[in-house]
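Chemist: What follows is protein.cif, mmCIF, C-alpha atoms.
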```
data_final
#
loop_
_atom_site.label_atom_id
_atom_site.label_comp_id
_atom_site.auth_asym_id
_atom_site.auth_seq_id
_atom_site.Cartn_x
_atom_site.Cartn_y
_atom_site.Cartn_z
CA MET A 220 176.84 78.27 31.85
CA ARG A 221 176.34 81.22 29.55
CA ALA A 222 177.84 81.48 26.08
CA LEU A 223 178.46 84.44 23.80
CA TYR A 224 178.11 83.92 20.03
CA ILE A 225 179.91 86.37 17.72
CA ALA A 226 179.86 85.39 14.06
CA MET A 227 182.96 87.14 12.67
CA GLN A 228 186.52 87.12 13.97
CA ALA A 229 186.79 90.87 13.20
CA GLU A 230 183.77 91.48 15.46
CA ALA A 231 185.12 89.26 18.26
CA GLN A 232 188.83 90.07 18.31
CA GLY A 233 188.71 93.11 20.62
CA LEU A 234 186.59 91.28 23.17
CA LEU A 235 188.71 88.11 23.05
CA GLU A 236 191.81 90.22 23.77
CA THR A 237 190.20 92.30 26.52
CA LEU A 238 188.88 89.21 28.30
CA GLN A 239 192.15 87.29 27.67
CA ALA A 240 190.07 84.45 26.25
CA THR A 241 191.89 81.20 25.43
CA LEU A 242 191.05 78.67 22.72
CA LEU A 243 189.52 75.52 24.19
CA PRO A 244 191.73 72.43 23.71
CA ASN A 245 189.00 70.49 21.88
CA GLN A 246 187.79 72.47 18.88
CA PRO A 247 184.75 71.52 16.79
CA ILE A 248 185.05 71.11 13.01
CA ILE A 249 182.63 74.03 12.55
CA GLY A 250 183.04 77.03 14.91
CA SER A 251 185.81 78.21 17.24
CA TYR A 252 185.35 77.97 21.01
CA TYR A 253 187.13 80.17 23.58
CA GLN A 254 186.92 80.33 27.37
CA ALA A 255 187.12 83.54 29.41
CA ALA A 256 186.50 82.85 33.13
CA ASP A 257 183.02 81.27 33.26
CA LEU A 258 182.03 82.54 29.81
CA LEU A 259 182.22 80.34 26.72
CA ILE A 260 182.77 82.49 23.61
CA ALA A 261 181.97 80.95 20.22
CA THR A 262 182.77 82.43 16.85
CA SER A 263 181.66 80.88 13.55
CA GLY A 264 185.25 79.83 12.80
CA LYS A 265 186.83 79.60 9.38
CA ASP A 266 185.40 77.71 6.43
CA ARG A 267 187.81 74.80 5.96
CA ILE A 268 187.89 75.18 2.18
CA LEU A 269 187.65 78.96 1.64
CA GLY A 270 189.22 80.27 4.86
CA VAL A 271 186.54 82.93 5.47
CA ASP A 272 184.36 83.30 8.56
CA CYS A 273 181.32 81.03 8.43
CA ILE A 274 178.72 83.79 8.52
CA GLY A 275 175.00 83.19 8.09
CA THR A 276 172.24 81.12 9.60
CA GLU A 277 173.44 77.54 9.06
CA PRO A 278 176.68 77.83 11.07
CA ALA A 279 174.88 79.92 13.72
CA ALA A 280 172.13 77.30 14.16
CA LEU A 281 174.60 74.43 14.22
CA ILE A 282 176.93 76.08 16.75
CA ALA A 283 174.07 77.24 19.02
CA ASN A 284 172.73 73.69 19.04
CA ASP A 285 176.15 72.27 19.92
CA LEU A 286 176.64 74.83 22.70
CA ILE A 287 173.32 73.86 24.27
CA SER A 288 173.26 70.11 23.56
CA ASN A 289 176.91 69.26 24.17
CA GLN A 290 178.66 72.09 26.05
CA GLY A 291 176.24 72.66 28.93
CA VAL A 292 175.20 76.14 27.86
CA THR A 293 171.92 77.34 29.40
CA ARG A 294 171.84 80.93 28.17
CA ILE A 295 173.12 82.54 24.96
CA LEU A 296 174.15 86.11 24.31
CA ASN A 297 174.70 87.20 20.71
CA ALA A 298 176.78 90.24 19.88
CA GLY A 299 177.20 91.36 16.31
CA THR A 300 176.93 94.03 13.69
CA CYS A 301 173.78 94.78 11.71
CA GLY A 302 172.24 97.01 9.10
CA ALA A 303 169.61 99.55 10.12
CA HIS A 304 166.63 100.71 8.08
CA SER A 305 166.75 104.44 7.43
CA SER A 306 163.42 104.96 9.23
CA LEU A 307 165.09 104.01 12.53
CA GLY A 308 167.26 107.13 12.42
CA ALA A 309 170.29 105.21 13.68
CA GLU A 310 173.88 106.45 13.37
CA ILE A 311 176.81 104.21 12.46
CA ALA A 312 178.04 102.33 15.60
CA ASP A 313 174.79 102.85 17.54
CA ALA A 314 174.00 99.86 19.78
CA TYR A 315 170.60 98.19 20.26
CA LEU A 316 169.15 95.33 22.27
CA ILE A 317 166.70 93.21 20.29
CA SER A 318 163.11 93.17 21.55
CA PRO A 319 160.38 92.03 21.30
CA THR A 320 160.78 89.77 18.24
CA ILE A 321 163.19 88.26 15.70
CA PHE A 322 161.99 87.45 12.17
CA SER A 323 163.36 85.93 8.95
CA HIS A 324 162.79 87.81 5.70
CA ASP A 325 164.10 85.17 3.25
CA HIS A 326 162.20 82.04 4.32
CA ARG A 327 159.04 82.29 2.20
CA ILE A 328 157.03 79.06 2.52
CA PRO A 329 153.48 79.69 1.25
CA LEU A 330 151.99 76.48 2.66
CA PRO A 331 149.58 76.30 5.64
CA SER A 332 151.51 76.37 8.97
CA PHE A 333 154.89 76.44 7.22
CA GLU A 334 154.48 80.14 6.45
CA GLN A 335 154.71 80.93 10.16
CA PHE A 336 157.66 78.54 10.57
CA GLY A 337 159.50 80.44 7.83
CA LEU A 338 158.75 83.86 9.30
CA GLY A 339 160.21 82.91 12.66
CA ALA A 340 158.58 85.63 14.76
CA HIS A 341 160.58 84.38 17.72
CA PRO A 342 159.83 86.30 20.93
CA THR A 343 162.82 87.61 22.87
CA PRO A 344 162.90 87.27 26.68
CA ASP A 345 160.41 89.45 28.63
CA SER A 346 163.35 90.80 30.64
CA ILE A 347 164.96 92.65 27.71
CA PRO A 348 163.09 96.00 27.98
CA ALA A 349 164.11 96.37 31.65
CA LEU A 350 167.69 95.40 30.80
CA ALA A 351 167.72 97.94 27.97
CA LYS A 352 166.53 100.64 30.38
CA GLU A 353 169.24 99.77 32.90
CA LEU A 354 171.91 99.85 30.18
CA ASP A 355 170.40 102.96 28.57
CA LEU A 356 170.14 101.19 25.19
CA PRO A 357 167.28 101.44 22.70
CA THR A 358 165.44 98.31 21.49
CA ALA A 359 164.35 97.30 17.99
CA ILE A 360 162.89 94.36 16.09
CA LEU A 361 165.49 92.29 14.22
CA SER A 362 165.03 90.46 10.92
CA THR A 363 167.54 87.97 9.55
CA GLY A 364 168.52 86.89 6.06
CA ASN A 365 171.45 85.12 4.44
CA SER A 366 172.28 88.03 2.13
CA LEU A 367 174.18 91.22 2.91
CA ASP A 368 172.12 93.00 0.25
CA HIS A 369 168.31 92.83 -0.03
CA THR A 370 165.70 92.34 -2.73
CA THR A 371 162.41 94.22 -2.97
CA ARG A 372 160.66 91.15 -1.55
CA ASP A 373 163.13 90.91 1.37
CA LEU A 374 162.39 94.54 2.24
CA GLU A 375 158.61 94.07 1.96
CA ILE A 376 158.71 91.20 4.46
CA PHE A 377 161.16 93.09 6.67
CA LEU A 378 158.89 96.15 6.84
CA ALA A 379 155.65 94.17 7.16
CA ASN A 380 157.10 92.72 10.38
CA ARG A 381 158.08 96.21 11.63
CA ALA A 382 161.73 95.17 11.73
CA ARG A 383 164.31 97.97 11.84
CA LEU A 384 167.59 96.03 12.14
CA LYS A 385 168.87 93.41 9.68
CA ASP A 386 171.48 90.74 10.39
CA MET A 387 172.57 87.31 9.14
CA GLU A 388 172.35 85.14 12.28
CA GLY A 389 169.69 86.28 14.77
CA SER A 390 166.67 84.23 13.67
CA ALA A 391 168.73 81.03 13.48
CA LEU A 392 170.03 81.49 17.02
CA ALA A 393 166.53 82.40 18.21
CA TRP A 394 164.97 79.34 16.55
CA VAL A 395 167.47 76.94 18.11
CA CYS A 396 167.24 78.60 21.55
CA ARG A 397 163.44 78.47 21.39
CA GLN A 398 163.45 74.75 20.56
CA HIS A 399 165.62 74.16 23.65
CA HIS A 400 163.79 76.71 25.89
CA ILE A 401 167.03 78.66 26.35
CA PRO A 402 166.93 82.48 26.64
CA LEU A 403 168.71 84.54 23.97
CA THR A 404 169.87 88.15 24.38
CA CYS A 405 170.96 89.94 21.17
CA LEU A 406 173.12 93.06 21.15
CA LYS A 407 173.56 94.68 17.71
CA VAL A 408 175.76 97.56 16.55
CA VAL A 409 174.98 99.33 13.27
CA THR A 410 177.52 99.15 10.40
CA ASP A 411 175.28 100.40 7.60
CA ILE A 412 171.97 102.03 6.70
CA PHE A 413 171.02 99.20 4.38
CA ASP A 414 168.27 100.83 2.30
CA LEU A 415 170.37 103.78 1.07
CA PRO A 416 171.51 103.90 -2.58
CA HIS A 417 175.10 103.42 -1.33
CA PRO A 418 175.42 99.60 -1.16
CA ALA A 419 175.28 98.01 2.31
CA ALA A 420 178.39 95.93 1.52
CA ALA A 421 180.52 99.05 0.86
CA GLN A 422 179.23 100.71 4.05
CA PHE A 423 179.83 97.49 5.99
CA ALA A 424 183.45 97.29 4.84
CA ALA A 425 184.05 100.99 5.60
CA ASN A 426 182.44 100.95 9.05
CA LEU A 427 183.25 97.48 10.40
CA ALA A 428 186.29 98.53 12.45
CA GLN A 429 184.44 101.42 14.12
CA ALA A 430 181.37 99.29 14.80
CA ALA A 431 183.46 96.39 16.14
CA LYS A 432 185.16 98.73 18.63
CA GLN A 433 181.76 99.89 19.88
CA LEU A 434 180.53 96.30 19.93
CA THR A 435 183.40 95.35 22.25
CA GLN A 436 182.56 98.17 24.66
CA GLU A 437 178.83 97.53 24.70
CA THR A 438 179.29 93.75 25.07
CA LEU A 439 181.58 94.32 28.08
CA ARG A 440 178.88 96.54 29.62
CA LEU A 441 176.31 93.81 29.04
CA LEU A 442 178.54 91.04 30.43
CA ASN A 443 179.42 93.06 33.53
CA HIS A 444 175.86 94.15 34.17
CA ARG A 445 174.43 90.90 35.54
CA MET B 1448 178.00 54.10 9.34
CA ARG B 1449 175.85 55.69 6.66
CA ALA B 1450 172.89 57.92 7.36
CA LEU B 1451 169.92 58.96 5.24
CA TYR B 1452 168.51 62.47 5.71
CA ILE B 1453 164.90 63.10 4.62
CA ALA B 1454 163.54 66.49 5.63
CA MET B 1455 159.78 65.88 5.75
CA GLN B 1456 157.85 63.13 7.51
CA ALA B 1457 155.54 62.85 4.46
CA GLU B 1458 158.59 62.15 2.29
CA ALA B 1459 160.05 59.61 4.75
CA GLN B 1460 156.98 57.69 5.92
CA GLY B 1461 156.85 55.09 3.14
CA LEU B 1462 160.51 54.27 3.50
CA LEU B 1463 160.36 54.10 7.31
CA GLU B 1464 157.50 51.59 7.02
CA THR B 1465 159.09 49.51 4.27
CA LEU B 1466 162.38 49.26 6.18
CA GLN B 1467 160.57 48.72 9.52
CA ALA B 1468 162.66 51.50 10.98
CA THR B 1469 162.41 52.10 14.73
CA LEU B 1470 162.81 55.37 16.62
CA LEU B 1471 166.12 55.49 18.49
CA PRO B 1472 165.68 55.56 22.28
CA ASN B 1473 167.65 58.82 22.68
CA GLN B 1474 166.11 61.52 20.51
CA PRO B 1475 167.70 64.93 19.90
CA ILE B 1476 165.75 68.14 20.60
CA ILE B 1477 165.94 69.00 16.88
CA GLY B 1478 165.47 66.13 14.39
CA SER B 1479 164.08 62.59 14.65
CA TYR B 1480 166.43 59.61 14.44
CA TYR B 1481 165.44 56.10 13.31
CA GLN B 1482 167.44 52.89 12.89
CA ALA B 1483 166.84 50.32 10.10
CA ALA B 1484 169.50 47.57 10.21
CA ASP B 1485 172.83 49.41 9.79
CA LEU B 1486 171.21 52.56 8.37
CA LEU B 1487 170.52 55.61 10.54
CA ILE B 1488 167.57 57.57 9.11
CA ALA B 1489 167.14 61.18 10.21
CA THR B 1490 164.17 63.40 9.51
CA SER B 1491 164.04 67.07 10.46
CA GLY B 1492 161.51 66.31 13.21
CA LYS B 1493 158.73 68.59 14.37
CA ASP B 1494 159.15 72.20 15.42
CA ARG B 1495 158.47 72.15 19.16
CA ILE B 1496 156.35 75.28 19.07
CA LEU B 1497 154.52 75.03 15.72
CA GLY B 1498 154.40 71.25 15.23
CA VAL B 1499 155.44 71.36 11.56
CA ASP B 1500 158.42 69.60 9.97
CA CYS B 1501 161.63 71.61 10.41
CA ILE B 1502 162.30 72.13 6.70
CA GLY B 1503 165.09 74.32 5.36
CA THR B 1504 168.80 74.75 5.66
CA GLU B 1505 169.31 75.46 9.37
CA PRO B 1506 167.83 72.18 10.68
CA ALA B 1507 169.52 70.26 7.83
CA ALA B 1508 172.95 71.71 8.67
CA LEU B 1509 172.50 71.17 12.38
CA ILE B 1510 171.32 67.56 12.02
CA ALA B 1511 174.02 66.66 9.47
CA ASN B 1512 176.64 68.03 11.83
CA ASP B 1513 175.24 66.02 14.74
CA LEU B 1514 175.11 62.83 12.66
CA ILE B 1515 178.77 63.22 11.73
CA SER B 1516 180.18 64.69 14.97
CA ASN B 1517 178.20 62.68 17.51
CA GLN B 1518 176.57 59.64 15.86
CA GLY B 1519 179.54 58.14 14.02
CA VAL B 1520 178.15 58.77 10.54
CA THR B 1521 180.79 58.67 7.77
CA ARG B 1522 178.57 59.00 4.69
CA ILE B 1523 175.28 60.82 4.12
CA LEU B 1524 172.56 60.13 1.60
CA ASN B 1525 169.84 62.72 1.12
CA ALA B 1526 166.50 61.82 -0.41
CA GLY B 1527 163.88 64.46 -0.98
CA THR B 1528 161.53 66.25 -3.28
CA CYS B 1529 162.47 69.24 -5.42
CA GLY B 1530 161.24 71.70 -7.97
CA ALA B 1531 162.52 71.47 -11.56
CA HIS B 1532 163.15 74.34 -13.96
CA SER B 1533 161.01 74.03 -17.08
CA SER B 1534 164.12 73.89 -19.31
CA LEU B 1535 165.01 70.48 -17.81
CA GLY B 1536 161.93 68.90 -19.39
CA ALA B 1537 161.24 66.85 -16.26
CA GLU B 1538 157.90 65.20 -15.50
CA ILE B 1539 156.33 65.13 -12.04
CA ALA B 1540 157.87 62.28 -9.96
CA ASP B 1541 160.97 61.98 -12.15
CA ALA B 1542 164.06 61.06 -10.10
CA TYR B 1543 167.56 62.59 -10.39
CA LEU B 1544 170.95 62.14 -8.76
CA ILE B 1545 172.71 65.44 -8.07
CA SER B 1546 175.99 66.00 -9.93
CA PRO B 1547 178.38 67.74 -10.31
CA THR B 1548 177.56 70.70 -8.01
CA ILE B 1549 175.22 72.09 -5.37
CA PHE B 1550 174.69 75.86 -5.10
CA SER B 1551 172.76 78.34 -2.94
CA HIS B 1552 170.66 80.99 -4.69
CA ASP B 1553 169.68 83.07 -1.64
CA HIS B 1554 173.04 83.72 0.05
CA ARG B 1555 174.18 86.93 -1.65
CA ILE B 1556 177.28 88.28 0.10
CA PRO B 1557 178.94 90.87 -2.19
CA LEU B 1558 182.23 91.04 -0.24
CA PRO B 1559 185.56 89.61 -1.46
CA SER B 1560 185.81 85.84 -0.71
CA PHE B 1561 182.43 85.80 1.03
CA GLU B 1562 180.63 85.84 -2.34
CA GLN B 1563 181.97 82.34 -3.08
CA PHE B 1564 181.13 81.19 0.45
CA GLY B 1565 177.53 82.29 -0.11
CA LEU B 1566 177.25 80.62 -3.51
CA GLY B 1567 178.31 77.26 -2.12
CA ALA B 1568 179.33 75.59 -5.38
CA HIS B 1569 179.93 72.39 -3.45
CA PRO B 1570 181.22 69.56 -5.66
CA THR B 1571 179.43 66.23 -5.35
CA PRO B 1572 181.45 62.97 -5.21
CA ASP B 1573 183.24 61.97 -8.43
CA SER B 1574 181.50 58.60 -8.23
CA ILE B 1575 177.99 59.97 -8.86
CA PRO B 1576 177.96 59.86 -12.70
CA ALA B 1577 178.88 56.15 -12.68
CA LEU B 1578 176.30 55.45 -9.98
CA ALA B 1579 173.68 57.32 -12.02
CA LYS B 1580 174.52 55.20 -15.06
CA GLU B 1581 174.22 51.97 -13.07
CA LEU B 1582 170.86 53.06 -11.65
CA ASP B 1583 169.71 54.47 -15.01
CA LEU B 1584 169.02 57.88 -13.46
CA PRO B 1585 169.73 61.30 -14.99
CA THR B 1586 171.88 63.87 -13.17
CA ALA B 1587 171.38 67.60 -12.68
CA ILE B 1588 172.84 70.55 -10.78
CA LEU B 1589 170.95 71.43 -7.60
CA SER B 1590 170.45 74.87 -6.09
CA THR B 1591 169.07 75.45 -2.60
CA GLY B 1592 167.07 78.25 -1.02
CA ASN B 1593 164.94 78.68 2.07
CA SER B 1594 161.83 79.65 0.11
CA LEU B 1595 159.37 77.42 -1.71
CA ASP B 1596 158.73 80.24 -4.16
CA HIS B 1597 161.42 82.28 -5.93
CA THR B 1598 162.19 85.91 -6.68
CA THR B 1599 163.61 87.21 -9.97
CA ARG B 1600 167.02 87.46 -8.27
CA ASP B 1601 166.80 83.88 -6.96
CA LEU B 1602 166.12 82.67 -10.52
CA GLU B 1603 168.96 84.75 -12.00
CA ILE B 1604 171.48 83.19 -9.61
CA PHE B 1605 169.93 79.73 -10.09
CA LEU B 1606 170.26 79.95 -13.89
CA ALA B 1607 173.71 81.59 -13.85
CA ASN B 1608 174.94 78.48 -12.03
CA ARG B 1609 173.25 76.19 -14.59
CA ALA B 1610 171.12 74.65 -11.85
CA ARG B 1611 168.00 72.77 -12.97
CA LEU B 1612 166.65 71.43 -9.65
CA LYS B 1613 165.67 73.54 -6.62
CA ASP B 1614 165.34 72.32 -3.04
CA MET B 1615 165.50 73.65 0.53
CA GLU B 1616 168.24 71.52 2.15
CA GLY B 1617 170.92 70.34 -0.32
CA SER B 1618 173.52 73.12 -0.03
CA ALA B 1619 173.38 73.05 3.77
CA LEU B 1620 174.00 69.31 3.85
CA ALA B 1621 176.75 69.69 1.25
CA TRP B 1622 178.46 72.50 3.17
CA VAL B 1623 178.52 70.52 6.42
CA CYS B 1624 179.66 67.32 4.71
CA ARG B 1625 182.40 69.22 2.90
CA GLN B 1626 183.70 70.74 6.15
CA HIS B 1627 183.95 67.22 7.60
CA HIS B 1628 185.24 65.57 4.37
CA ILE B 1629 182.21 63.27 4.31
CA PRO B 1630 180.68 62.23 0.95
CA LEU B 1631 177.08 63.27 0.21
CA THR B 1632 174.78 61.59 -2.32
CA CYS B 1633 171.54 63.45 -3.15
CA LEU B 1634 168.52 61.80 -4.75
CA LYS B 1635 165.73 64.19 -5.74
CA VAL B 1636 162.21 63.56 -7.05
CA VAL B 1637 160.30 66.35 -8.80
CA THR B 1638 157.08 67.70 -7.24
CA ASP B 1639 156.72 70.86 -9.29
CA ILE B 1640 157.94 72.79 -12.33
CA PHE B 1641 158.76 75.84 -10.25
CA ASP B 1642 158.94 78.55 -12.95
CA LEU B 1643 155.44 77.98 -14.37
CA PRO B 1644 152.73 80.57 -13.72
CA HIS B 1645 150.95 77.95 -11.54
CA PRO B 1646 152.55 78.50 -8.09
CA ALA B 1647 155.13 75.93 -6.97
CA ALA B 1648 153.41 75.65 -3.57
CA ALA B 1649 150.11 74.55 -5.15
CA GLN B 1650 151.90 72.04 -7.39
CA PHE B 1651 153.93 70.79 -4.40
CA ALA B 1652 150.78 70.16 -2.34
CA ALA B 1653 149.04 68.42 -5.26
CA ASN B 1654 151.99 66.20 -6.22
CA LEU B 1655 153.67 65.44 -2.90
CA ALA B 1656 152.00 62.05 -2.35
CA GLN B 1657 152.87 60.82 -5.87
CA ALA B 1658 156.44 62.10 -5.61
CA ALA B 1659 156.90 60.63 -2.12
CA LYS B 1660 155.85 57.20 -3.41
CA GLN B 1661 158.43 57.42 -6.19
CA LEU B 1662 161.01 58.73 -3.73
CA THR B 1663 160.52 55.62 -1.57
CA GLN B 1664 161.06 53.30 -4.54
CA GLU B 1665 164.11 55.14 -5.87
CA THR B 1666 165.68 55.42 -2.42
CA LEU B 1667 165.27 51.66 -1.90
CA ARG B 1668 167.00 51.09 -5.24
CA LEU B 1669 169.84 53.37 -4.17
CA LEU B 1670 170.20 51.74 -0.73
CA ASN B 1671 170.19 48.23 -2.19
CA HIS B 1672 172.63 49.08 -4.95
CA ARG B 1673 175.87 49.25 -2.98
#
```
Just give me the structure of the file as C-alpha cells.

Modeler:
Amino acid sequence: MRALYIAMQAEAQGLLETLQATLLPNQPIIGSYYQAADLLIATSGKDRILGVDCIGTEPAALIANDLISNQGVTRILNAGTCGAHSSLGAEIADAYLISPTIFSHDHRIPLPSFEQFGLGAHPTPDSIPALAKELDLPTAILSTGNSLDHTTRDLEIFLANRARLKDMEGSALAWVCRQHHIPLTCLKVVTDIFDLPHPAAAQFAANLAQAAKQLTQETLRLLNHR
Amino acid sequence: MRALYIAMQAEAQGLLETLQATLLPNQPIIGSYYQAADLLIATSGKDRILGVDCIGTEPAALIANDLISNQGVTRILNAGTCGAHSSLGAEIADAYLISPTIFSHDHRIPLPSFEQFGLGAHPTPDSIPALAKELDLPTAILSTGNSLDHTTRDLEIFLANRARLKDMEGSALAWVCRQHHIPLTCLKVVTDIFDLPHPAAAQFAANLAQAAKQLTQETLRLLNHR
C-alpha cells in the first residue's frame, strides 16, 4: 500500500476534500490517518497540549515509521510546502520533485562517521528524473531543518550540499524510509524565497493558501500518473 | 512496564552487562530492545546504512512512541551523557536529574503558536525534586539540539530558557511522553563543558568512557531506588 504524508492540515485540506478521504476509525496518539480508496493519507495531527500541527522532523519520522512498521505501507509520497533559495529562480507556488538527494542542515555532529549520519545525504529513487520529465516538473536537492528561519551556519551547510529547497520534514522521512528500504517521492511547492531580507515566516503566512492550492493540484497529478 | 532509553551503545554497554540484559527476539528496524527482569532497555540501535548509533531526536521520538504505543511501556527513564554550560560549575562525570523543564534550542518557528511548539518547554514530573533529594543528586534544566556543537543562536535560546545541560534526545522523548501522558525521568552525566574554546566533540570523545562508567553506577542507583 502507498501512503501520502502531508505535515500541515492547511496543506492537506484541499486534497482530503477532493479525494473524499475519511478519518480511519483507529487514530494514533501522534498523527492523523485518513483513507481515500487505496491511499492512506497521514498528516502530522494536532499537538495534544498546544493544538497546533506537529510540524518538524520528530513527528514525521515517528509517523513514517508507524506507517511502514504497523500499517503495511510499502511506498511513501510526501507533499508539502518549502522555501526556495534565491539562486533557484523559483516563483511562489512553483512545484518541484526532489532529486537526487535530501540533506539535513541542522544536524552537526563533528565526530568520525557521525558527521555523515547527521548530514543525511539520502539518495532519492533513481526513477524520479524520468517521473519529473513525464510530469513536466523540475527537480532540486532538498535540505531539511527544524527551523522556519535559518542561521548563517544553516545556510553554509545548505549551500555546501548544493541544496536549493528547504523544508522541515524531508530528511526525517528519507532517513526512516531508507532504514526500511522503502522508496520515498517528495513533491514540494514554494511558499517563500527564504534568503531574502523579508522574513521567510512572513512570506510563508502570506503565500500558504496559494501554495496549498497548487500543492493539491500537483499532488493529484502525481497520484493519477502511476 | 517501565523502559529505559539510552541512545548510544557505548553509554549502555556497562549497564546491559551488569543487568545481564538479553536482546529481545523480535527486534524493530530502528532501535535495539533488551530485557532485564521487568525492565525493557532500548538503545537507538545502528543505522542500517552507516553502522553508527542512531543518535538525535528523530530516532528517540520514534522509539519512545513505539515503546509506549506497541510495547506496553507506561513510564520512561532516560539515561545519557550531556554537555554542561560553564556557569553550572559541573565537573566531568557529574550526574544530574532533569527538572523542572526540557527545551529545544534548534526548533525556531517564528509563527504564532508554533513558536511555543518549537521551544518545547516540556515540564518534568513534579516528583523529580524529591527523588533528587533522596538520591543526593542536583537538578538542572535540559535543552536539546541535533548538533554536538552549538551556534551563537543555539546558545542564546539555551540561555534564555535558563538551561544548563545540553543533549541530543531529551526534548524528543519529553514531547512524545507528554503526548501520551507518560512520565519521563532523565538522568544525565556530563562529558563536556560545551561553551569552552576546546571543542565539545573533542571533550566528548576524551571523556565518554569515564562518563559512561558513572552513568552506569548512577542509573543502577536510580533503578534500585523505587

Chemist: Please measure the separation of CA of Ile1496 in chain B and CA of Pro1475 in chain B, giving the value in Å to one decimal.

Modeler: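 Interatomic distance here is 15.4 Å.
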
Chemist: Let me know the residues the PyMOL selection byres ((chain B) within 6 of (chain A)) catches in the file above, as a ChimeraX atom specification.

Modeler: /B:1495,1505,1508-1509,1554-1556,1593-1595,1626

Chemist: I need the chosen residues saved as a tab-separated table (two decimals), in the coordinates of the input, with C-alpha atoms.

Modeler:
```
chain	number	residue	atom	x	y	z
B	1495	ARG	CA	158.47	72.15	19.16
B	1505	GLU	CA	169.31	75.46	9.37
B	1508	ALA	CA	172.95	71.71	8.67
B	1509	LEU	CA	172.50	71.17	12.38
B	1554	HIS	CA	173.04	83.72	0.05
B	1555	ARG	CA	174.18	86.93	-1.65
B	1556	ILE	CA	177.28	88.28	0.10
B	1593	ASN	CA	164.94	78.68	2.07
B	1594	SER	CA	161.83	79.65	0.11
B	1595	LEU	CA	159.37	77.42	-1.71
B	1626	GLN	CA	183.70	70.74	6.15
```

Chemist: One number please: CA of Asp1573 in chain B to CA of Arg1449 in chain B, in Å, one decimal.

Modeler: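 Distance reported for this atom pair: 17.9 Å.
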
Chemist: Could you jot down the CA of Pro357 in chain A to CA of Pro344 in chain A separation for me, Å, one decimal place?

Modeler: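 So the two atoms, CA of Pro357 in chain A and CA of Pro344 in chain A, lie 15.4 Å apart.
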
Chemist: Convert the output of the PyMOL selection byres ((chain A and resi 404) around 9) on the shown file into explicit residues, formatted as an NGL selection string.

Modeler: :A and (294-298 or 316-318 or 343-344 or 347 or 402-403 or 405-406)

Chemist: For Ala1568 in chain B, list every protein, DNA or RNA residue within 7 Å, evaluated using all atoms listed in the file, and leave out those in the same chain fewer than 5 positions away; present the list as an mmCIF file with C-alpha atoms, in the frame of the given file.

Modeler:
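around07.cif, freshly written:
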```
data_model
loop_
_atom_site.group_PDB
_atom_site.id
_atom_site.type_symbol
_atom_site.label_atom_id
_atom_site.label_comp_id
_atom_site.auth_asym_id
_atom_site.auth_seq_id
_atom_site.Cartn_x
_atom_site.Cartn_y
_atom_site.Cartn_z
ATOM 1 C CA THR B 1548 177.560 70.700 -8.010
ATOM 2 C CA ILE B 1549 175.220 72.090 -5.370
ATOM 3 C CA PHE B 1550 174.690 75.860 -5.100
#
```

Chemist: Anything within 12 Å of (170.9, 59.5, -12.9): list those residues as a PyMOL selection string, counting all atoms listed in the file and sticking to the file's coordinates.

Modeler: chain B and resi 1541-1547+1574-1588+1632-1636+1665+1669

Chemist: If the PyMOL selection byres ((chain B and resi 1663) around 8) were run on this exact file, what residues would it hold? Put them as a list in words.

Modeler: Glu1458, Ala1459, Gly1461, Leu1462, Ala1659, Lys1660, Gln1661, Leu1662, Gln1664, Glu1665, Thr1666 and Leu1667 of chain B

Chemist: With distances taken over all atoms listed in the file, which residue among B:Ile1629, B:Leu1514, B:Ser1534, B:Ser1618 lies nearest Leu1451 in chain B?

Modeler: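 Among the listed residues, the smallest separation from Leu1451 in chain B belongs to B:Leu1514.
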
Chemist: For range 1480-1493 of chain B, what centre and edge lengths in Å (one decimal) does the axis-aligned box get once 8 Å is added on each side of all its listed atoms, as JSON?

Modeler:
```
{"center_x": 165.8, "center_y": 58.1, "center_z": 11.4, "size_x": 30.1, "size_y": 37.0, "size_z": 22.1}
```
